[in-house]
file protein.tsv (TSV, C-alpha atoms)
chain	number	residue	atom	x	y	z
A	398	MET	CA	-14.55	10.27	-20.60
A	399	LYS	CA	-18.17	11.20	-20.03
A	400	THR	CA	-19.35	14.66	-20.99
A	401	LEU	CA	-22.24	16.98	-20.26
A	402	THR	CA	-24.44	18.77	-22.73
A	403	VAL	CA	-24.52	22.48	-21.87
A	404	ASN	CA	-27.11	24.94	-23.15
A	405	ILE	CA	-26.91	28.64	-22.28
A	406	VAL	CA	-30.07	30.41	-23.37
A	407	THR	CA	-31.23	34.04	-23.25
A	408	PRO	CA	-34.55	35.59	-24.31
A	409	ASP	CA	-32.81	36.38	-27.63
A	410	GLY	CA	-31.95	32.72	-28.22
A	411	PRO	CA	-29.16	30.23	-27.56
A	412	VAL	CA	-25.68	31.56	-26.79
A	413	TYR	CA	-23.79	28.31	-26.19
A	414	ASP	CA	-24.57	24.67	-26.95
A	415	SER	CA	-21.83	22.05	-26.66
A	416	GLN	CA	-20.45	19.01	-24.88
A	417	VAL	CA	-18.07	19.79	-21.99
A	418	ASP	CA	-16.17	17.87	-19.32
A	419	MET	CA	-16.92	20.24	-16.42
A	420	ILE	CA	-18.75	23.46	-15.59
A	421	ILE	CA	-18.02	25.97	-12.83
A	422	ALA	CA	-20.65	28.65	-12.18
A	423	LYS	CA	-21.25	31.29	-9.51
A	424	THR	CA	-24.51	30.81	-7.66
A	425	ALA	CA	-26.12	32.93	-4.96
A	426	SER	CA	-24.65	30.58	-2.31
A	427	GLY	CA	-21.17	30.22	-3.85
A	428	GLU	CA	-19.44	28.45	-6.73
A	429	ILE	CA	-20.71	25.12	-8.01
A	430	GLY	CA	-18.66	22.60	-9.94
A	431	ILE	CA	-20.65	20.25	-12.14
A	432	LEU	CA	-19.40	16.97	-13.59
A	433	PRO	CA	-21.29	14.30	-15.57
A	434	GLY	CA	-23.65	12.38	-13.28
A	435	HIS	CA	-24.20	15.34	-10.93
A	436	ILE	CA	-27.26	15.18	-8.71
A	437	PRO	CA	-30.25	17.12	-10.16
A	438	THR	CA	-30.19	20.69	-8.88
A	439	VAL	CA	-31.62	24.12	-9.62
A	440	ALA	CA	-29.78	27.19	-8.35
A	441	PRO	CA	-29.95	30.96	-8.91
A	442	LEU	CA	-26.91	32.47	-10.62
A	443	VAL	CA	-25.27	35.80	-9.87
A	444	ILE	CA	-23.48	38.10	-12.29
A	445	GLY	CA	-20.27	36.25	-13.11
A	446	ALA	CA	-18.38	33.97	-15.43
A	447	VAL	CA	-19.32	30.41	-16.30
A	448	LYS	CA	-16.20	28.32	-16.87
A	449	LEU	CA	-16.61	25.46	-19.34
A	450	LYS	CA	-13.80	22.89	-19.42
A	451	LYS	CA	-13.47	20.87	-22.61
A	452	ASP	CA	-10.53	18.73	-23.79
A	453	GLY	CA	-8.15	20.32	-21.28
A	454	LYS	CA	-9.03	23.86	-22.35
A	455	SER	CA	-11.34	26.39	-20.71
A	456	GLU	CA	-13.94	28.63	-22.30
A	457	TYR	CA	-15.72	31.44	-20.47
A	458	VAL	CA	-19.19	32.91	-20.83
A	459	ALA	CA	-20.24	36.11	-19.05
A	460	VAL	CA	-23.73	35.68	-17.59
A	461	ASN	CA	-25.93	38.24	-15.91
A	462	GLY	CA	-27.75	36.24	-13.29
A	463	GLY	CA	-30.41	33.68	-14.09
A	464	PHE	CA	-30.76	30.04	-13.15
A	465	VAL	CA	-28.80	26.84	-13.68
A	466	GLU	CA	-30.70	23.56	-13.98
A	467	VAL	CA	-28.51	20.50	-13.53
A	468	ARG	CA	-29.49	17.01	-14.64
A	469	PRO	CA	-27.09	14.04	-14.69
A	470	GLU	CA	-26.15	14.44	-18.37
A	471	LYS	CA	-27.37	17.98	-19.21
A	472	VAL	CA	-27.01	21.48	-17.81
A	473	SER	CA	-29.26	24.34	-18.86
A	474	ILE	CA	-28.50	27.94	-17.98
A	475	LEU	CA	-31.31	30.45	-18.40
A	476	THR	CA	-30.12	34.03	-18.14
A	477	GLN	CA	-31.23	37.52	-19.15
A	478	SER	CA	-28.03	37.99	-21.15
A	479	ALA	CA	-24.82	36.08	-21.84
A	480	GLU	CA	-21.77	36.49	-24.05
A	481	VAL	CA	-18.99	34.09	-24.97
A	482	ALA	CA	-15.62	35.72	-24.20
A	483	SER	CA	-14.62	35.92	-27.86
A	484	ASN	CA	-17.84	37.77	-28.76
A	485	ILE	CA	-17.63	40.50	-26.12
A	486	ASP	CA	-17.35	44.05	-27.43
A	487	VAL	CA	-14.84	45.25	-24.84
A	488	ALA	CA	-14.97	48.90	-25.98
A	489	ARG	CA	-18.73	48.93	-25.39
A	490	ALA	CA	-18.27	47.26	-22.00
A	491	LYS	CA	-15.68	49.87	-20.96
A	492	GLU	CA	-18.03	52.69	-22.03
A	493	SER	CA	-20.82	51.10	-20.00
A	494	MET	CA	-18.51	50.84	-16.99
A	495	LYS	CA	-17.53	54.51	-17.33
A	496	ARG	CA	-21.20	55.62	-17.51
A	497	ALA	CA	-22.10	53.50	-14.48
A	498	GLU	CA	-19.21	54.95	-12.46
A	499	GLN	CA	-20.31	58.50	-13.36
A	500	ARG	CA	-23.89	57.74	-12.27
A	501	LEU	CA	-22.62	56.29	-8.98
A	502	GLN	CA	-20.61	59.44	-8.27
A	503	GLY	CA	-23.56	61.73	-8.98
A	504	LYS	CA	-26.46	62.36	-6.66
A	505	ALA	CA	-29.17	59.80	-7.28
A	506	ASP	CA	-32.03	58.19	-5.46
A	507	ALA	CA	-31.75	54.59	-4.21
A	508	THR	CA	-33.32	53.09	-7.34
A	509	ASP	CA	-30.91	54.86	-9.70
A	510	PHE	CA	-27.98	53.95	-7.45
A	511	ASN	CA	-28.94	50.25	-7.48
A	512	ARG	CA	-29.39	50.26	-11.25
A	513	ALA	CA	-26.00	51.94	-11.74
A	514	GLU	CA	-24.36	49.47	-9.37
A	515	LEU	CA	-25.78	46.49	-11.30
A	516	SER	CA	-24.73	48.07	-14.59
A	517	LEU	CA	-21.20	48.47	-13.24
A	518	LYS	CA	-21.09	44.82	-12.10
A	519	ARG	CA	-22.28	43.61	-15.52
A	520	ALA	CA	-19.73	45.75	-17.36
A	521	MET	CA	-16.88	44.67	-15.09
A	522	ASN	CA	-17.89	41.03	-15.53
A	523	ARG	CA	-17.83	41.34	-19.33
A	524	ILE	CA	-14.41	43.04	-19.26
A	525	ASN	CA	-12.97	40.45	-16.86
A	526	VAL	CA	-14.28	37.55	-18.96
A	527	TYR	CA	-12.90	39.11	-22.16
A	528	GLU	CA	-9.49	39.73	-20.60
A	529	GLY	CA	-9.41	36.35	-18.83
A	530	ASN	CA	-9.25	37.92	-15.34
A	531	ILE	CA	-11.47	35.35	-13.74

call {"tool": "encode", "arguments": {"input": "protein.tsv", "output": "structure tokens"}}
result
Amino acid sequence: MKTLTVNIVTPDGPVYDSQVDMIIAKTASGEIGILPGHIPTVAPLVIGAVKLKKDGKSEYVAVNGGFVEVRPEKVSILTQSAEVASNIDVARAKESMKRAEQRLQGKADATDFNRAELSLKRAMNRINVYEGNI
């Protein structure tokens, strides 16, 4: 069976680099499923999980937005931050979620509210990916 090379890269360096059978990612216009030979595409990603299917098993990576570039035999994901499910510090993610919820309940201007809302989405994404609640 044909496979795709997948690279997930952040400003801090590569997070994931492997051959997979299929990728499912959340883009701004909905989910995209990518198989070997997919038409070349570039799409913006939203905060969510990237599902990587390999040998009948699935791996998940939490990404915080970015872009996916699809070529027939290679997929590159450029994102501000990403974590493989097994590397997520769930205690830190839960603390971040708690802080974001407290900021959302307090009185804040629109900028602080938006930042807290994004922080909450990122934390919830990391927790969901870690716990497999995708």

call {"tool": "residues_around", "arguments": {"input": "protein.tsv", "residues": "range 525-530 of chain A", "least_positions_apart": "4", "cutoff": "10 Å", "atoms": "all atoms listed in the file", "output": "short mmCIF file (atom, residue, chain, number, x, y, z; two decimals) with C-alpha atoms, in the frame of the given file"}}
result
data_model
loop_
_atom_site.label_atom_id
_atom_site.label_comp_id
_atom_site.auth_asym_id
_atom_site.auth_seq_id
_atom_site.Cartn_x
_atom_site.Cartn_y
_atom_site.Cartn_z
CA GLY A 445 -20.27 36.25 -13.11
CA ALA A 446 -18.38 33.97 -15.43
CA VAL A 447 -19.32 30.41 -16.30
CA LYS A 448 -16.20 28.32 -16.87
CA GLU A 456 -13.94 28.63 -22.30
CA TYR A 457 -15.72 31.44 -20.47
CA VAL A 458 -19.19 32.91 -20.83
CA ALA A 459 -20.24 36.11 -19.05
CA VAL A 460 -23.73 35.68 -17.59
CA GLU A 480 -21.77 36.49 -24.05
CA VAL A 481 -18.99 34.09 -24.97
CA ALA A 482 -15.62 35.72 -24.20
CA SER A 483 -14.62 35.92 -27.86
CA ASN A 484 -17.84 37.77 -28.76
CA ILE A 485 -17.63 40.50 -26.12
CA ASP A 486 -17.35 44.05 -27.43
CA VAL A 487 -14.84 45.25 -24.84
CA ALA A 490 -18.27 47.26 -22.00
CA ARG A 519 -22.28 43.61 -15.52
CA ALA A 520 -19.73 45.75 -17.36
CA MET A 521 -16.88 44.67 -15.09
#

call {"tool": "closest_residue", "arguments": {"input": "protein.tsv", "among": "A:Ser516, A:Asn511, A:Gln416, A:Ser473", "to": "Glu492 in chain A", "atoms": "only C-alpha atoms"}}
result
A:Ser516

call {"tool": "axis_aligned_box", "arguments": {"input": "protein.tsv", "around": "range 399-412 of chain A", "padding_each_side": "3 Å", "output": "lines of an AutoDock Vina configuration file"}}
result
center_x = -26.4
center_y = 23.8
center_z = -24.1
size_x = 22.4
size_y = 31.2
size_z = 14.2

call {"tool": "atom_distance", "arguments": {"input": "protein.tsv", "atom1": "CA of Ile531 in chain A", "atom2": "CA of Thr400 in chain A"}}
result
23.3 Å

call {"tool": "atom_distance", "arguments": {"input": "protein.tsv", "atom1": "CA of Val403 in chain A", "atom2": "CA of Val417 in chain A"}}
result
7.0 Å

call {"tool": "atom_distance", "arguments": {"input": "protein.tsv", "atom1": "CA of Gly427 in chain A", "atom2": "CA of Leu515 in chain A"}}
result
18.5 Å

call {"tool": "residues_around", "arguments": {"input": "protein.tsv", "residues": "Gly462 in chain A", "least_positions_apart": "4", "cutoff": "8 Å", "atoms": "all atoms listed in the file", "output": "PyMOL selection string"}}
result
chain A and resi 441-445+476-477

call {"tool": "write_last_selection", "arguments": {"input": "protein.tsv", "atoms": "C-alpha atoms", "output": "short mmCIF file (atom, residue, chain, number, x, y, z; two decimals), keeping the file's coordinate frame"}}
result
data_model
loop_
_atom_site.label_atom_id
_atom_site.label_comp_id
_atom_site.auth_asym_id
_atom_site.auth_seq_id
_atom_site.Cartn_x
_atom_site.Cartn_y
_atom_site.Cartn_z
CA PRO A 441 -29.95 30.96 -8.91
CA LEU A 442 -26.91 32.47 -10.62
CA VAL A 443 -25.27 35.80 -9.87
CA ILE A 444 -23.48 38.10 -12.29
CA GLY A 445 -20.27 36.25 -13.11
CA THR A 476 -30.12 34.03 -18.14
CA GLN A 477 -31.23 37.52 -19.15
#

call {"tool": "residues_around", "arguments": {"input": "protein.tsv", "residues": "Val467 in chain A", "least_positions_apart": "5", "cutoff": "9 Å", "atoms": "all atoms listed in the file", "output": "list of chain:residue names"}}
result
A:Ile431, A:His435, A:Ile436, A:Pro437, A:Thr438, A:Val439, A:Ala440, A:Val472, A:Ser473, A:Ile474

call {"tool": "closest_residue", "arguments": {"input": "protein.tsv", "among": "A:Ile405, A:Leu432, A:Met398, A:Leu449", "to": "Asn461 in chain A", "atoms": "all atoms listed in the file"}}
result
A:Ile405

call {"tool": "closest_residue", "arguments": {"input": "protein.tsv", "among": "A:Arg489, A:Glu514, A:Asp418, A:Pro433", "to": "Leu501 in chain A", "atoms": "only C-alpha atoms"}}
result
A:Glu514

call {"tool": "closest_residue", "arguments": {"input": "protein.tsv", "among": "A:Lys518, A:Arg468, A:Lys451, A:Lys399", "to": "Met494 in chain A", "atoms": "all atoms listed in the file"}}
result
A:Lys518

call {"tool": "closest_residue", "arguments": {"input": "protein.tsv", "among": "A:Gln499, A:Lys491, A:Arg512, A:Gly463", "to": "Ala425 in chain A", "atoms": "all atoms listed in the file"}}
result
A:Gly463

call {"tool": "closest_residue", "arguments": {"input": "protein.tsv", "among": "A:Gly434, A:Ser478, A:Ala422, A:Ile429", "to": "Asp409 in chain A", "atoms": "all atoms listed in the file"}}
result
A:Ser478

call {"tool": "decode", "arguments": {"input": "protein.tsv", "residues": "range 413-425 of chain A", "atoms": "all heavy atoms", "output": "PDB file, in the first residue's frame"}}
result
ATOM      1  N   TYR A 413       6.781  15.794  14.358  1.00  0.00           N
ATOM      2  CA  TYR A 413       6.400  14.480  13.841  1.00  0.00           C
ATOM      3  C   TYR A 413       6.959  14.339  12.441  1.00  0.00           C
ATOM      4  O   TYR A 413       6.859  15.257  11.628  1.00  0.00           O
ATOM      5  CB  TYR A 413       4.874  14.361  13.831  1.00  0.00           C
ATOM      6  CG  TYR A 413       4.353  12.989  13.488  1.00  0.00           C
ATOM      7  CD1 TYR A 413       4.106  12.045  14.478  1.00  0.00           C
ATOM      8  CD2 TYR A 413       4.108  12.630  12.170  1.00  0.00           C
ATOM      9  CE1 TYR A 413       3.622  10.781  14.167  1.00  0.00           C
ATOM     10  CE2 TYR A 413       3.619  11.366  11.850  1.00  0.00           C
ATOM     11  CZ  TYR A 413       3.387  10.449  12.855  1.00  0.00           C
ATOM     12  OH  TYR A 413       2.908   9.198  12.539  1.00  0.00           O
ATOM     13  N   ASP A 414       7.518  13.179  12.126  1.00  0.00           N
ATOM     14  CA  ASP A 414       8.058  12.903  10.799  1.00  0.00           C
ATOM     15  C   ASP A 414       7.970  11.400  10.581  1.00  0.00           C
ATOM     16  O   ASP A 414       8.700  10.647  11.222  1.00  0.00           O
ATOM     17  CB  ASP A 414       9.498  13.389  10.703  1.00  0.00           C
ATOM     18  CG  ASP A 414      10.068  13.297   9.296  1.00  0.00           C
ATOM     19  OD1 ASP A 414       9.339  12.877   8.376  1.00  0.00           O
ATOM     20  OD2 ASP A 414      11.248  13.636   9.118  1.00  0.00           O
ATOM     21  N   SER A 415       7.043  10.973   9.712  1.00  0.00           N
ATOM     22  CA  SER A 415       6.845   9.533   9.529  1.00  0.00           C
ATOM     23  C   SER A 415       6.081   9.267   8.241  1.00  0.00           C
ATOM     24  O   SER A 415       5.579  10.182   7.593  1.00  0.00           O
ATOM     25  CB  SER A 415       6.084   8.962  10.722  1.00  0.00           C
ATOM     26  OG  SER A 415       6.011   7.557  10.638  1.00  0.00           O
ATOM     27  N   GLN A 416       5.976   7.996   7.905  1.00  0.00           N
ATOM     28  CA  GLN A 416       5.158   7.537   6.790  1.00  0.00           C
ATOM     29  C   GLN A 416       3.807   7.105   7.361  1.00  0.00           C
ATOM     30  O   GLN A 416       3.755   6.383   8.358  1.00  0.00           O
ATOM     31  CB  GLN A 416       5.818   6.331   6.103  1.00  0.00           C
ATOM     32  CG  GLN A 416       7.145   6.630   5.470  1.00  0.00           C
ATOM     33  CD  GLN A 416       6.999   7.461   4.210  1.00  0.00           C
ATOM     34  OE1 GLN A 416       6.065   7.296   3.443  1.00  0.00           O
ATOM     35  NE2 GLN A 416       7.915   8.382   4.012  1.00  0.00           N
ATOM     36  N   VAL A 417       2.709   7.539   6.739  1.00  0.00           N
ATOM     37  CA  VAL A 417       1.373   7.160   7.196  1.00  0.00           C
ATOM     38  C   VAL A 417       0.516   6.770   5.996  1.00  0.00           C
ATOM     39  O   VAL A 417       0.842   7.087   4.853  1.00  0.00           O
ATOM     40  CB  VAL A 417       0.677   8.299   7.996  1.00  0.00           C
ATOM     41  CG1 VAL A 417       1.474   8.666   9.228  1.00  0.00           C
ATOM     42  CG2 VAL A 417       0.418   9.498   7.131  1.00  0.00           C
ATOM     43  N   ASP A 418      -0.597   6.093   6.300  1.00  0.00           N
ATOM     44  CA  ASP A 418      -1.525   5.674   5.251  1.00  0.00           C
ATOM     45  C   ASP A 418      -2.557   6.757   4.935  1.00  0.00           C
ATOM     46  O   ASP A 418      -3.006   6.879   3.804  1.00  0.00           O
ATOM     47  CB  ASP A 418      -2.264   4.397   5.681  1.00  0.00           C
ATOM     48  CG  ASP A 418      -1.305   3.249   5.962  1.00  0.00           C
ATOM     49  OD1 ASP A 418      -0.288   3.122   5.253  1.00  0.00           O
ATOM     50  OD2 ASP A 418      -1.575   2.481   6.907  1.00  0.00           O
ATOM     51  N   MET A 419      -2.941   7.534   5.965  1.00  0.00           N
ATOM     52  CA  MET A 419      -3.984   8.550   5.795  1.00  0.00           C
ATOM     53  C   MET A 419      -3.862   9.611   6.877  1.00  0.00           C
ATOM     54  O   MET A 419      -3.425   9.324   7.985  1.00  0.00           O
ATOM     55  CB  MET A 419      -5.365   7.912   5.889  1.00  0.00           C
ATOM     56  CG  MET A 419      -6.513   8.865   5.713  1.00  0.00           C
ATOM     57  SD  MET A 419      -8.092   8.001   5.834  1.00  0.00           S
ATOM     58  CE  MET A 419      -9.222   9.315   5.456  1.00  0.00           C
ATOM     59  N   ILE A 420      -4.286  10.821   6.532  1.00  0.00           N
ATOM     60  CA  ILE A 420      -4.286  11.944   7.476  1.00  0.00           C
ATOM     61  C   ILE A 420      -5.672  12.564   7.464  1.00  0.00           C
ATOM     62  O   ILE A 420      -6.280  12.735   6.402  1.00  0.00           O
ATOM     63  CB  ILE A 420      -3.273  13.021   7.048  1.00  0.00           C
ATOM     64  CG1 ILE A 420      -1.883  12.439   6.952  1.00  0.00           C
ATOM     65  CG2 ILE A 420      -3.304  14.211   7.993  1.00  0.00           C
ATOM     66  CD1 ILE A 420      -0.948  13.299   6.148  1.00  0.00           C
ATOM     67  N   ILE A 421      -6.154  12.930   8.647  1.00  0.00           N
ATOM     68  CA  ILE A 421      -7.404  13.692   8.756  1.00  0.00           C
ATOM     69  C   ILE A 421      -7.083  14.918   9.598  1.00  0.00           C
ATOM     70  O   ILE A 421      -6.569  14.800  10.715  1.00  0.00           O
ATOM     71  CB  ILE A 421      -8.525  12.867   9.401  1.00  0.00           C
ATOM     72  CG1 ILE A 421      -8.814  11.623   8.559  1.00  0.00           C
ATOM     73  CG2 ILE A 421      -9.782  13.722   9.571  1.00  0.00           C
ATOM     74  CD1 ILE A 421      -9.762  10.644   9.195  1.00  0.00           C
ATOM     75  N   ALA A 422      -7.355  16.099   9.054  1.00  0.00           N
ATOM     76  CA  ALA A 422      -7.056  17.356   9.748  1.00  0.00           C
ATOM     77  C   ALA A 422      -8.265  18.278   9.677  1.00  0.00           C
ATOM     78  O   ALA A 422      -9.089  18.177   8.768  1.00  0.00           O
ATOM     79  CB  ALA A 422      -5.838  18.026   9.123  1.00  0.00           C
ATOM     80  N   LYS A 423      -8.345  19.193  10.637  1.00  0.00           N
ATOM     81  CA  LYS A 423      -9.439  20.165  10.676  1.00  0.00           C
ATOM     82  C   LYS A 423      -8.956  21.477  10.070  1.00  0.00           C
ATOM     83  O   LYS A 423      -8.062  22.129  10.600  1.00  0.00           O
ATOM     84  CB  LYS A 423      -9.911  20.389  12.109  1.00  0.00           C
ATOM     85  CG  LYS A 423     -10.549  19.154  12.699  1.00  0.00           C
ATOM     86  CD  LYS A 423     -11.011  19.367  14.120  1.00  0.00           C
ATOM     87  CE  LYS A 423     -11.580  18.061  14.654  1.00  0.00           C
ATOM     88  NZ  LYS A 423     -11.975  18.162  16.039  1.00  0.00           N
ATOM     89  N   THR A 424      -9.592  21.860   8.965  1.00  0.00           N
ATOM     90  CA  THR A 424      -9.249  23.114   8.310  1.00  0.00           C
ATOM     91  C   THR A 424     -10.330  24.141   8.605  1.00  0.00           C
ATOM     92  O   THR A 424     -11.367  23.815   9.172  1.00  0.00           O
ATOM     93  CB  THR A 424      -9.121  22.938   6.780  1.00  0.00           C
ATOM     94  OG1 THR A 424     -10.412  22.672   6.230  1.00  0.00           O
ATOM     95  CG2 THR A 424      -8.157  21.813   6.421  1.00  0.00           C
ATOM     96  N   ALA A 425     -10.089  25.365   8.179  1.00  0.00           N
ATOM     97  CA  ALA A 425     -11.053  26.441   8.408  1.00  0.00           C
ATOM     98  C   ALA A 425     -12.393  26.149   7.722  1.00  0.00           C
ATOM     99  O   ALA A 425     -13.433  26.635   8.157  1.00  0.00           O
ATOM    100  CB  ALA A 425     -10.479  27.763   7.929  1.00  0.00           C
TER     101      ALA A 425
END
